[in-house]
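Asks: I am sharing protein32.cif, which consists of mmCIF, C-alpha atoms and all ligand atoms:
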data_model
#
loop_
_atom_site.label_atom_id
_atom_site.label_comp_id
_atom_site.auth_asym_id
_atom_site.auth_seq_id
_atom_site.Cartn_x
_atom_site.Cartn_y
_atom_site.Cartn_z
CA MET A 1 143.22 28.32 112.22
CA ASN A 2 141.56 30.61 109.68
CA ALA A 3 143.49 31.82 106.67
CA GLU A 4 143.98 35.57 106.49
CA LEU A 5 141.84 37.62 104.12
CA THR A 6 143.68 39.11 101.18
CA VAL A 7 143.51 42.66 99.88
CA PRO A 8 143.10 43.53 96.19
CA PRO A 9 146.06 45.28 94.51
CA LEU A 10 146.39 48.97 95.34
CA SER A 11 145.54 49.83 91.72
CA ASP A 12 142.19 48.05 92.16
CA LEU A 13 141.54 49.63 95.55
CA ARG A 14 142.05 53.02 93.95
CA LEU A 15 139.14 52.25 91.58
CA ARG A 16 136.77 52.22 94.56
CA ARG A 17 134.52 55.30 94.68
CA SER A 18 134.02 55.51 98.44
CA VAL A 19 135.36 58.32 100.60
CA LYS A 20 138.47 56.38 101.60
CA TRP A 21 139.68 56.31 98.01
CA ARG A 22 138.34 59.63 96.71
CA THR A 23 139.46 62.15 99.31
CA PHE A 24 143.21 62.31 98.71
CA PRO A 25 145.42 62.26 95.60
CA GLY A 26 146.74 58.95 94.26
CA ASP A 27 150.13 59.20 95.97
CA VAL A 28 148.58 59.26 99.47
CA LEU A 29 147.99 56.03 101.41
CA PRO A 30 144.53 56.45 102.98
CA LEU A 31 144.43 54.99 106.50
CA PHE A 32 141.90 57.43 107.90
CA VAL A 33 138.16 56.66 107.63
CA ALA A 34 136.84 53.34 109.00
CA GLU A 35 136.48 51.37 105.78
CA MET A 36 138.31 48.08 105.22
CA ASP A 37 140.31 47.06 102.16
CA TYR A 38 139.17 43.40 102.08
CA ALA A 39 136.69 42.07 99.53
CA LEU A 40 133.11 41.65 100.75
CA ALA A 41 132.15 38.48 102.61
CA PRO A 42 130.95 35.99 99.94
CA PRO A 43 127.40 35.65 101.37
CA VAL A 44 127.06 39.44 101.45
CA ALA A 45 128.39 39.79 97.91
CA ALA A 46 126.01 37.03 96.75
CA ALA A 47 122.98 38.69 98.36
CA LEU A 48 123.83 41.97 96.65
CA THR A 49 124.62 40.40 93.28
CA GLU A 50 121.39 38.42 93.33
CA ALA A 51 119.40 41.53 94.23
CA VAL A 52 120.98 43.46 91.36
CA ALA A 53 120.26 40.57 88.96
CA ARG A 54 116.61 40.66 90.07
CA GLY A 55 116.45 44.43 89.61
CA ASP A 56 115.57 44.44 93.30
CA ALA A 57 116.63 47.96 94.25
CA GLY A 58 113.38 49.41 95.51
CA TYR A 59 112.36 50.45 99.00
CA SER A 60 113.02 48.29 102.02
CA THR A 61 110.11 46.82 103.91
CA PRO A 62 110.26 46.52 107.69
CA GLY A 63 109.77 42.75 107.89
CA PRO A 64 111.00 40.46 110.66
CA GLU A 65 114.13 39.29 108.79
CA LEU A 66 116.66 41.70 110.25
CA GLY A 67 115.50 41.13 113.83
CA ARG A 68 115.64 37.36 113.44
CA ALA A 69 119.05 37.46 111.76
CA PHE A 70 120.55 39.80 114.37
CA ALA A 71 119.07 37.83 117.28
CA GLY A 72 120.61 34.62 115.91
CA PHE A 73 123.98 36.33 115.46
CA ALA A 74 123.92 37.82 118.97
CA ALA A 75 123.01 34.45 120.49
CA ARG A 76 125.77 32.59 118.65
CA ARG A 77 128.51 35.15 119.18
CA TRP A 78 127.75 36.68 122.55
CA GLY A 79 125.28 34.31 124.23
CA TRP A 80 122.71 37.12 124.31
CA GLU A 81 119.22 36.58 122.95
CA PRO A 82 117.49 39.82 122.09
CA ASP A 83 113.79 39.67 121.21
CA PRO A 84 113.73 39.82 117.38
CA GLY A 85 110.48 41.78 117.62
CA ARG A 86 112.33 44.57 119.39
CA VAL A 87 114.95 45.07 116.68
CA LEU A 88 113.86 48.00 114.53
CA PRO A 89 115.67 48.75 111.24
CA VAL A 90 116.88 52.34 110.84
CA THR A 91 118.93 54.13 108.19
CA ASP A 92 122.27 53.95 109.94
CA VAL A 93 123.71 54.18 113.42
CA GLY A 94 123.91 57.96 113.28
CA VAL A 95 120.24 58.28 112.37
CA GLY A 96 119.30 55.74 115.05
CA VAL A 97 121.17 57.63 117.76
CA VAL A 98 119.93 61.08 116.70
CA GLU A 99 116.31 59.97 116.46
CA LEU A 100 116.46 58.27 119.86
CA LEU A 101 118.06 61.38 121.36
CA ARG A 102 115.25 63.49 119.89
CA GLN A 103 112.85 61.44 122.01
CA LEU A 104 114.89 62.03 125.17
CA VAL A 105 116.25 65.57 124.86
CA ARG A 106 114.57 68.95 125.28
CA PRO A 107 116.37 71.92 123.72
CA GLY A 108 119.64 72.61 125.51
CA ASP A 109 119.54 69.50 127.70
CA PRO A 110 122.93 68.02 128.57
CA VAL A 111 123.94 64.71 127.01
CA VAL A 112 127.09 63.04 128.35
CA ILE A 113 129.79 61.55 126.14
CA SER A 114 133.28 60.18 126.93
CA PRO A 115 136.02 61.59 124.69
CA PRO A 116 138.20 60.80 122.95
CA VAL A 117 135.27 59.41 121.03
CA TYR A 118 133.95 58.94 117.48
CA PRO A 119 133.71 62.52 116.17
CA PRO A 120 130.03 62.53 115.11
CA PHE A 121 129.04 62.05 118.79
CA PHE A 122 129.87 65.78 119.13
CA ASP A 123 127.48 66.54 116.24
CA TRP A 124 124.67 64.09 116.90
CA VAL A 125 123.91 65.62 120.31
CA PRO A 126 123.30 69.19 119.02
CA GLU A 127 121.53 67.77 115.96
CA ALA A 128 118.97 66.36 118.40
CA GLY A 129 118.80 69.67 120.29
CA GLY A 130 121.10 68.70 123.18
CA ARG A 131 124.32 70.09 124.58
CA VAL A 132 127.46 67.96 124.92
CA VAL A 133 128.86 67.38 128.40
CA GLU A 134 132.24 65.65 128.35
CA VAL A 135 133.40 63.09 130.88
CA PRO A 136 136.67 61.98 129.28
CA LEU A 137 137.96 58.44 129.54
CA ALA A 138 140.47 57.99 132.38
CA ALA A 139 143.54 56.01 131.29
CA GLY A 140 141.54 54.64 128.36
CA ARG A 141 138.62 53.41 130.47
CA LEU A 142 135.21 54.76 131.42
CA ASP A 143 135.65 57.24 134.27
CA LEU A 144 132.90 55.82 136.46
CA ALA A 145 133.46 58.35 139.25
CA GLY A 146 133.28 61.20 136.73
CA LEU A 147 130.15 59.67 135.21
CA GLU A 148 128.56 59.36 138.65
CA ALA A 149 129.11 63.08 139.27
CA ALA A 150 127.72 63.95 135.83
CA PHE A 151 124.72 61.62 136.18
CA ALA A 152 123.88 63.27 139.53
CA THR A 153 123.11 66.46 137.56
CA HIS A 154 120.41 64.54 135.61
CA PRO A 155 121.54 64.75 132.00
CA ALA A 156 119.00 63.75 129.34
CA ALA A 157 121.12 60.76 128.26
CA TYR A 158 124.54 59.12 128.17
CA LEU A 159 125.90 58.10 124.81
CA LEU A 160 128.11 55.03 125.27
CA CYS A 161 130.54 53.74 122.65
CA ASN A 162 130.77 49.98 123.22
CA PRO A 163 133.41 48.95 122.16
CA HIS A 164 135.01 52.37 122.30
CA ASN A 165 136.23 54.05 119.11
CA PRO A 166 139.05 55.30 118.90
CA VAL A 167 140.83 53.58 121.81
CA GLY A 168 139.45 50.12 120.99
CA ARG A 169 138.52 49.44 124.58
CA VAL A 170 136.02 46.65 125.30
CA HIS A 171 134.20 47.67 128.46
CA THR A 172 134.07 44.84 130.98
CA PRO A 173 130.90 43.32 132.44
CA ASP A 174 131.80 44.91 135.80
CA GLU A 175 132.27 48.36 134.31
CA LEU A 176 129.00 48.07 132.43
CA ALA A 177 127.18 46.79 135.52
CA GLU A 178 128.39 49.82 137.48
CA LEU A 179 127.39 52.12 134.62
CA VAL A 180 123.90 50.60 134.65
CA ARG A 181 123.67 50.96 138.45
CA LEU A 182 124.53 54.66 138.17
CA ALA A 183 122.13 55.21 135.29
CA LEU A 184 119.25 53.58 137.16
CA LEU A 185 120.08 55.45 140.35
CA HIS A 186 120.01 58.83 138.61
CA GLU A 187 117.44 57.89 135.95
CA VAL A 188 119.74 58.54 133.02
CA PRO A 189 118.87 56.71 129.79
CA ILE A 190 121.85 55.17 127.99
CA ILE A 191 122.14 54.83 124.25
CA SER A 192 124.82 52.26 123.46
CA ASP A 193 126.47 52.50 120.04
CA GLU A 194 127.54 48.88 119.42
CA ILE A 195 128.58 49.13 115.79
CA HIS A 196 132.01 47.62 116.59
CA GLY A 197 130.60 44.78 118.73
CA ALA A 198 131.44 42.08 116.19
CA LEU A 199 135.01 43.37 115.82
CA VAL A 200 136.37 42.22 119.16
CA LEU A 201 139.83 40.72 118.70
CA PRO A 202 141.37 37.67 120.42
CA GLY A 203 142.03 38.33 124.09
CA ALA A 204 138.81 40.21 124.83
CA SER A 205 135.13 39.38 124.72
CA PHE A 206 132.25 41.67 123.99
CA THR A 207 129.43 42.37 126.44
CA PRO A 208 126.34 43.83 124.77
CA LEU A 209 125.05 46.45 127.20
CA LEU A 210 121.51 45.03 127.10
CA SER A 211 122.84 41.66 128.29
CA VAL A 212 123.88 43.25 131.59
CA PRO A 213 121.34 42.65 134.38
CA ARG A 214 118.75 45.48 134.63
CA ALA A 215 120.26 47.38 131.68
CA ASP A 216 117.03 46.66 129.81
CA GLN A 217 115.27 49.18 132.09
CA THR A 218 117.47 52.14 131.16
CA ALA A 219 119.30 51.39 127.91
CA LEU A 220 118.76 51.08 124.17
CA SER A 221 121.36 49.83 121.72
CA VAL A 222 122.08 50.76 118.15
CA VAL A 223 123.71 47.95 116.19
CA SER A 224 124.72 47.31 112.60
CA ALA A 225 126.47 44.81 110.36
CA SER A 226 128.00 47.73 108.53
CA LYS A 227 131.37 48.05 110.28
CA ALA A 228 132.30 44.37 110.60
CA PHE A 229 131.08 43.56 107.09
CA ASN A 230 132.22 46.81 105.46
CA VAL A 231 128.85 47.84 104.03
CA ALA A 232 128.42 51.28 105.63
CA GLY A 233 127.42 52.87 102.33
CA LEU A 234 124.36 50.61 102.09
CA LYS A 235 122.61 52.34 105.00
CA CYS A 236 121.15 49.82 107.40
CA ALA A 237 121.34 49.63 111.19
CA ALA A 238 118.92 48.71 113.96
CA VAL A 239 117.70 50.07 117.27
CA VAL A 240 117.31 47.39 119.93
CA ALA A 241 115.13 47.55 123.04
CA ALA A 242 114.92 44.86 125.70
CA SER A 243 112.02 45.98 127.91
CA THR A 244 108.52 47.33 127.47
CA ARG A 245 109.60 50.51 129.18
CA MET A 246 112.40 51.29 126.73
CA ALA A 247 110.49 49.90 123.73
CA GLN A 248 107.98 52.69 124.34
CA ILE A 249 110.67 55.21 123.40
CA VAL A 250 111.38 53.32 120.19
CA GLU A 251 107.66 53.18 119.38
CA ARG A 252 107.55 56.98 119.37
CA LEU A 253 110.04 57.17 116.48
CA PRO A 254 108.52 58.44 113.21
CA ARG A 255 107.76 55.61 110.77
CA GLU A 256 109.97 57.28 108.18
CA VAL A 257 113.05 56.51 110.28
CA THR A 258 112.50 52.83 109.54
CA GLU A 259 111.30 53.36 106.00
CA ARG A 260 114.51 55.20 105.11
CA THR A 261 116.57 52.05 105.68
CA GLY A 262 118.52 51.04 102.58
CA HIS A 263 116.95 48.00 100.95
CA LEU A 264 120.27 46.62 99.70
CA GLY A 265 121.73 47.33 103.13
CA LEU A 266 118.99 45.33 104.79
CA LEU A 267 119.48 42.38 102.42
CA ALA A 268 123.26 42.52 102.96
CA SER A 269 122.87 42.75 106.74
CA VAL A 270 120.57 39.73 106.90
CA ALA A 271 123.08 37.72 104.83
CA ALA A 272 125.95 38.92 107.02
CA PHE A 273 124.25 38.08 110.30
CA GLU A 274 122.93 34.71 109.08
CA GLU A 275 125.78 33.43 106.93
CA GLY A 276 128.82 35.57 107.68
CA ASP A 277 130.33 33.78 110.71
CA SER A 278 133.16 31.97 108.97
CA TRP A 279 134.23 35.04 106.98
CA LEU A 280 134.06 37.08 110.19
CA GLU A 281 136.37 34.60 111.90
CA ALA A 282 138.86 34.99 109.05
CA LEU A 283 138.54 38.76 109.34
CA ILE A 284 139.30 38.66 113.05
CA THR A 285 142.32 36.44 112.44
CA THR A 286 143.48 38.93 109.83
CA LEU A 287 142.96 41.99 112.03
CA ALA A 288 144.75 40.33 114.94
CA ALA A 289 147.72 39.70 112.63
CA ARG A 290 147.72 43.34 111.45
CA ARG A 291 147.50 44.54 115.05
CA GLU A 292 150.55 42.48 115.92
CA GLN A 293 152.38 43.62 112.79
CA LEU A 294 151.65 47.25 113.63
CA GLY A 295 153.01 46.76 117.14
CA GLY A 296 156.28 45.45 115.70
CA LEU A 297 156.52 48.22 113.10
CA LEU A 298 155.92 50.96 115.65
CA ALA A 299 158.42 49.50 118.11
CA SER A 300 161.15 49.24 115.49
CA ARG A 301 160.53 52.32 113.33
CA LEU A 302 158.52 54.83 115.37
CA PRO A 303 159.49 54.10 118.97
CA ALA A 304 158.50 57.61 120.09
CA VAL A 305 154.87 56.84 119.20
CA ARG A 306 153.02 55.20 122.08
CA TRP A 307 149.91 53.10 121.87
CA THR A 308 147.83 50.55 123.68
CA PRO A 309 146.86 47.86 121.15
CA PRO A 310 143.09 47.92 120.75
CA GLU A 311 141.00 45.07 122.16
CA ALA A 312 138.44 45.67 119.41
CA THR A 313 138.11 47.48 116.07
CA TYR A 314 140.77 47.87 113.39
CA LEU A 315 141.66 51.34 114.61
CA ALA A 316 144.89 52.23 116.38
CA TRP A 317 144.92 55.29 118.62
CA LEU A 318 148.49 56.52 118.43
CA ASP A 319 149.96 59.00 120.89
CA ALA A 320 152.51 60.95 118.88
CA SER A 321 152.97 63.71 121.45
CA ALA A 322 156.50 62.54 122.29
CA TRP A 323 157.34 62.21 118.57
CA GLY A 324 156.83 65.84 117.66
CA ARG A 325 155.40 68.92 119.27
CA ASP A 326 152.40 69.26 116.97
CA ALA A 327 148.95 69.29 118.53
CA GLU A 328 147.84 67.76 115.22
CA PRO A 329 150.60 65.37 114.04
CA ARG A 330 148.24 64.18 111.32
CA ASP A 331 149.18 67.22 109.24
CA ARG A 332 152.87 66.32 109.19
CA PHE A 333 152.12 62.67 108.37
CA LEU A 334 149.85 63.77 105.53
CA ASP A 335 152.03 66.52 104.06
CA ASP A 336 155.46 64.95 104.50
CA ALA A 337 154.76 61.18 104.58
CA LEU A 338 151.71 61.11 102.27
CA VAL A 339 149.82 58.95 104.78
CA ALA A 340 146.28 60.07 105.61
CA LEU A 341 145.28 59.42 109.23
CA GLU A 342 142.42 60.80 111.33
CA PRO A 343 143.46 63.90 113.28
CA GLY A 344 143.29 63.29 117.03
CA THR A 345 141.49 66.50 117.97
CA ARG A 346 138.45 65.46 115.91
CA PHE A 347 137.84 63.01 118.77
CA GLY A 348 137.82 65.82 121.33
CA ALA A 349 140.39 68.21 122.77
CA VAL A 350 141.91 65.29 124.69
CA GLY A 351 142.95 63.87 121.32
CA SER A 352 145.63 66.54 120.94
CA GLY A 353 148.95 64.97 119.86
CA HIS A 354 147.21 61.80 118.63
CA VAL A 355 146.30 60.25 115.31
CA ARG A 356 144.00 57.33 114.52
CA LEU A 357 145.30 54.78 112.04
CA ASN A 358 143.10 52.22 110.25
CA PHE A 359 145.00 48.92 109.96
CA ALA A 360 142.32 46.95 108.05
CA THR A 361 144.58 46.68 105.04
CA SER A 362 147.34 44.46 103.64
CA PRO A 363 150.65 43.77 105.42
CA GLU A 364 152.41 45.55 102.54
CA ILE A 365 150.35 48.74 102.74
CA LEU A 366 150.69 48.83 106.52
CA ASP A 367 154.45 48.34 106.26
CA GLU A 368 154.73 51.06 103.63
CA ALA A 369 152.62 53.48 105.67
CA VAL A 370 154.72 53.12 108.83
CA SER A 371 157.90 53.30 106.74
CA ARG A 372 156.76 56.60 105.24
CA MET A 373 155.73 57.91 108.65
CA SER A 374 159.08 57.02 110.19
CA ALA A 375 160.91 58.92 107.46
CA VAL A 376 159.32 62.22 108.48
CA SER A 377 161.72 64.40 110.37
CA VAL A 378 160.54 66.15 113.51
C1 LIG A 401 131.33 54.26 116.98
C2 LIG A 401 130.75 54.47 115.61
N1 LIG A 401 129.44 54.73 115.48
C3 LIG A 401 128.88 54.92 114.29
C4 LIG A 401 129.63 54.87 113.13
C5 LIG A 401 128.98 55.16 111.82
O1 LIG A 401 127.84 54.40 111.66
P1 LIG A 401 126.79 54.74 110.56
O2 LIG A 401 127.53 54.93 109.29
O3 LIG A 401 125.90 53.55 110.56
O4 LIG A 401 126.09 55.99 111.03
C6 LIG A 401 130.99 54.58 113.20
C7 LIG A 401 131.79 54.53 111.98
O5 LIG A 401 132.96 54.28 111.99
C8 LIG A 401 131.56 54.39 114.47
O6 LIG A 401 132.87 54.13 114.62
#
Can you turn what I pasted into structure tokens?
Replies:
Amino acid sequence: MNAELTVPPLSDLRLRRSVKWRTFPGDVLPLFVAEMDYALAPPVAAALTEAVARGDAGYSTPGPELGRAFAGFAARRWGWEPDPGRVLPVTDVGVGVVELLRQLVRPGDPVVISPPVYPPFFDWVPEAGGRVVEVPLAAGRLDLAGLEAAFATHPAAYLLCNPHNPVGRVHTPDELAELVRLALLHEVPIISDEIHGALVLPGASFTPLLSVPRADQTALSVVSASKAFNVAGLKCAAVVAASTRMAQIVERLPREVTERTGHLGLLASVAAFEEGDSWLEALITTLAARREQLGGLLASRLPAVRWTPPEATYLAWLDASAWGRDAEPRDRFLDDALVALEPGTRFGAVGSGHVRLNFATSPEILDEAVSRMSAVSV
């Protein structure tokens, strides 16, 4: 059994300069953006400290290291062996997705997404010239019948969130196989955002889309160490292809997309993928404990709030529509409870009445946050 990771004192957390700790005044508990409160994994911290000691903060170079490190990680954790030569570093997941969409989309083309979903999906599609077509999740799962109808209209692409932020759903091999069948049938390329792939909690197991039979012919993945290892500010992700056909799309990307990868991010990602397994196990133990704690806190103090515990991620998608009548309960929790959560409608209109809570923190902060929330009168 792994020991749980600890969280620095709140006074130290408040010294951090990232968005989580700089957006709201000091009396607000920030449980909104997807950053974790734990210290960095020791191998990641060592790689960064050594780089700083060397004065090694120049440009990144697109060597084979990231591909090899990610392929080893994917093989160990998911039994999937991507070709390291088809793992291309990019600046971040957002840049990877937008640049791939640019290769697939002509101005105004439809691109399908499944809300409620990570808010930038709504922005990345128009950034690449496309138009969002929504096929919402049905009862928290991919609506395969709805996707079939949408795919029959020949959209330029489907943007999959695997695992799915904000509901924390881990799509099953059967669901993904059916998705691939539909995509091949209607010739719809899939871009799979797998940034949360390493954050699957006990009780579920992750299926990388490209490990599904024949997915290699229609799909590309965008992966990163940044979410599981909490290094999003270092700017490193990778686009993964698994067939010559789909690699041709990646080959069309401008060289600059790779060259704009953060050098420190690349060094940290290689360390994370190669040497981060034991820390990651402790993280997963910790997140599973916080998930359970949150379930108990909600049941005892906020019973009107409904949720399905996530199978992956450290994000809880809370349905507060029976708690109050606000379409955006986040405002009441922020103003009256001084707890900052993500507003549900950022994830699409279907997020009305919801909030997303980040539980990658200490038991004490989580307890305090739910206590404050439960004190708000409706
Ligand atoms: C599904 C999903 N994709 C992408 C990102 C952001 O990735 P990046 O910062 O590498 O663009 C996040 C961040 O939380 C996310 O949840």
Asks: Which polymer residues have any atom within 9 Å of an atom of Leu88 of chain A, counting all atoms listed in the file, with same-chain residues fewer than 2 positions away left out, as a list in words?
Replies: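 Residues near the query, excluding close chain neighbours: Pro62, Pro64, Leu66, Gly67, Pro84, Gly85, Arg86, Val90, Ala237, Ala238, Val239, Val240, Ala241, Val250 and Thr258 of chain A.
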Asks: How would you write, as an mmCIF file with C-alpha atoms, in the frame of the given file, the set of residues no farther than 6 Å from ligand LIG 401 (chain A) when counting all atoms listed in the file?
Replies:
data_model
loop_
_atom_site.group_PDB
_atom_site.id
_atom_site.type_symbol
_atom_site.label_atom_id
_atom_site.label_comp_id
_atom_site.auth_asym_id
_atom_site.auth_seq_id
_atom_site.Cartn_x
_atom_site.Cartn_y
_atom_site.Cartn_z
ATOM 1 C CA ALA A 34 136.840 53.340 109.000
ATOM 2 C CA ASP A 92 122.270 53.950 109.940
ATOM 3 C CA VAL A 93 123.710 54.180 113.420
ATOM 4 C CA GLY A 94 123.910 57.960 113.280
ATOM 5 C CA TYR A 118 133.950 58.940 117.480
ATOM 6 C CA CYS A 161 130.540 53.740 122.650
ATOM 7 C CA ASN A 165 136.230 54.050 119.110
ATOM 8 C CA ASP A 193 126.470 52.500 120.040
ATOM 9 C CA ILE A 195 128.580 49.130 115.790
ATOM 10 C CA ALA A 232 128.420 51.280 105.630
#
Asks: From the list A:Leu220, A:Ala198, A:Cys236, A:Ala3, which residue is nearest Pro89 of chain A when using only C-alpha atoms?
Replies: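 Selected residue with least distance to Pro89 of chain A: A:Cys236.
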Asks: Measuring between all atoms listed in the file, which one of A:Ile191, A:Glu35, A:Pro166, A:Ser300 shows the shortest distance to Arg17 of chain A?
Replies: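 Closest candidate: A:Glu35.
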Asks: When you count all atoms listed in the file, which of these residues is closest to Phe273 of chain A: A:Pro25, A:Pro8, A:Gly168, A:Pro43?
Replies: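 Going through A:Pro25, A:Pro8, A:Gly168, A:Pro43 one by one, the smallest distance to Phe273 of chain A is for A:Pro43.
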Asks: Closest to Pro329 of chain A among A:Ala289, A:Ala282, A:Leu298, A:Val378, using all atoms listed in the file?
Replies: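 Using all atoms listed in the file, Pro329 of chain A sits closest to A:Val378.
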Asks: Within 9 Å of (136.8, 40.1, 120.1), all atoms listed in the file: residues as a count of residues only?
Replies: 15
Asks: For the point (125.0, 63.7, 118.1) in file coordinates, what residues are within 12 Å, counting only C-alpha atoms? Give the answer as JSON, numbers by chain?
Replies: {"A": [93, 94, 95, 96, 97, 98, 99, 100, 101, 102, 105, 110, 111, 112, 113, 117, 118, 119, 120, 121, 122, 123, 124, 125, 126, 127, 128, 129, 130, 131, 132, 133, 157, 158, 159, 160, 191, 193]}
Asks: Would you output that residue set with C-alpha atoms, as an mmCIF file, in the coordinates of the input?
Replies:
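Saved the output as part-v2.cif:
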data_model
loop_
_atom_site.group_PDB
_atom_site.id
_atom_site.type_symbol
_atom_site.label_atom_id
_atom_site.label_comp_id
_atom_site.auth_asym_id
_atom_site.auth_seq_id
_atom_site.Cartn_x
_atom_site.Cartn_y
_atom_site.Cartn_z
ATOM 1 C CA VAL A 93 123.710 54.180 113.420
ATOM 2 C CA GLY A 94 123.910 57.960 113.280
ATOM 3 C CA VAL A 95 120.240 58.280 112.370
ATOM 4 C CA GLY A 96 119.300 55.740 115.050
ATOM 5 C CA VAL A 97 121.170 57.630 117.760
ATOM 6 C CA VAL A 98 119.930 61.080 116.700
ATOM 7 C CA GLU A 99 116.310 59.970 116.460
ATOM 8 C CA LEU A 100 116.460 58.270 119.860
ATOM 9 C CA LEU A 101 118.060 61.380 121.360
ATOM 10 C CA ARG A 102 115.250 63.490 119.890
ATOM 11 C CA VAL A 105 116.250 65.570 124.860
ATOM 12 C CA PRO A 110 122.930 68.020 128.570
ATOM 13 C CA VAL A 111 123.940 64.710 127.010
ATOM 14 C CA VAL A 112 127.090 63.040 128.350
ATOM 15 C CA ILE A 113 129.790 61.550 126.140
ATOM 16 C CA VAL A 117 135.270 59.410 121.030
ATOM 17 C CA TYR A 118 133.950 58.940 117.480
ATOM 18 C CA PRO A 119 133.710 62.520 116.170
ATOM 19 C CA PRO A 120 130.030 62.530 115.110
ATOM 20 C CA PHE A 121 129.040 62.050 118.790
ATOM 21 C CA PHE A 122 129.870 65.780 119.130
ATOM 22 C CA ASP A 123 127.480 66.540 116.240
ATOM 23 C CA TRP A 124 124.670 64.090 116.900
ATOM 24 C CA VAL A 125 123.910 65.620 120.310
ATOM 25 C CA PRO A 126 123.300 69.190 119.020
ATOM 26 C CA GLU A 127 121.530 67.770 115.960
ATOM 27 C CA ALA A 128 118.970 66.360 118.400
ATOM 28 C CA GLY A 129 118.800 69.670 120.290
ATOM 29 C CA GLY A 130 121.100 68.700 123.180
ATOM 30 C CA ARG A 131 124.320 70.090 124.580
ATOM 31 C CA VAL A 132 127.460 67.960 124.920
ATOM 32 C CA VAL A 133 128.860 67.380 128.400
ATOM 33 C CA ALA A 157 121.120 60.760 128.260
ATOM 34 C CA TYR A 158 124.540 59.120 128.170
ATOM 35 C CA LEU A 159 125.900 58.100 124.810
ATOM 36 C CA LEU A 160 128.110 55.030 125.270
ATOM 37 C CA ILE A 191 122.140 54.830 124.250
ATOM 38 C CA ASP A 193 126.470 52.500 120.040
#
Asks: Could you give me, as number ranges by chain, the residues within 12 Å of Glu50 of chain A, counting only C-alpha atoms and dropping anything in the same chain fewer than 6 positions from it?
Replies: A: 42-44, 56-57, 264, 267-268, 271
Asks: Using the partial input, fill out segment 139-143 of chain A with all heavy atoms; write the result as a compact mmCIF listing (two decimals), in the coordinates of the input.
Replies:
# COMPACT_ATOMS: atom_id res chain seq x y z
N ALA A 139 142.60 57.07 131.65
CA ALA A 139 143.54 56.01 131.29
C ALA A 139 142.89 55.00 130.35
O ALA A 139 143.06 53.78 130.50
CB ALA A 139 144.10 55.33 132.54
N GLY A 140 142.13 55.50 129.38
CA GLY A 140 141.54 54.64 128.36
C GLY A 140 140.30 53.88 128.78
O GLY A 140 139.78 53.08 128.01
N ARG A 141 139.82 54.12 130.00
CA ARG A 141 138.62 53.41 130.47
C ARG A 141 137.53 54.40 130.85
O ARG A 141 137.82 55.57 131.11
CB ARG A 141 138.92 52.62 131.75
CG ARG A 141 139.91 51.55 131.49
CD ARG A 141 140.31 50.89 132.79
NE ARG A 141 141.24 49.84 132.47
CZ ARG A 141 141.23 48.62 133.01
NH1 ARG A 141 140.36 48.33 133.95
NH2 ARG A 141 142.09 47.72 132.64
N LEU A 142 136.30 53.90 130.95
CA LEU A 142 135.21 54.76 131.42
C LEU A 142 135.58 55.31 132.79
O LEU A 142 136.03 54.56 133.66
CB LEU A 142 133.91 53.95 131.55
CG LEU A 142 133.30 53.43 130.24
CD1 LEU A 142 132.06 52.61 130.57
CD2 LEU A 142 132.98 54.57 129.28
N ASP A 143 135.39 56.62 132.97
CA ASP A 143 135.65 57.24 134.27
C ASP A 143 134.35 57.16 135.08
O ASP A 143 133.51 58.07 135.03
CB ASP A 143 136.09 58.69 134.04
CG ASP A 143 136.28 59.44 135.35
OD1 ASP A 143 136.11 58.84 136.43
OD2 ASP A 143 136.60 60.65 135.27
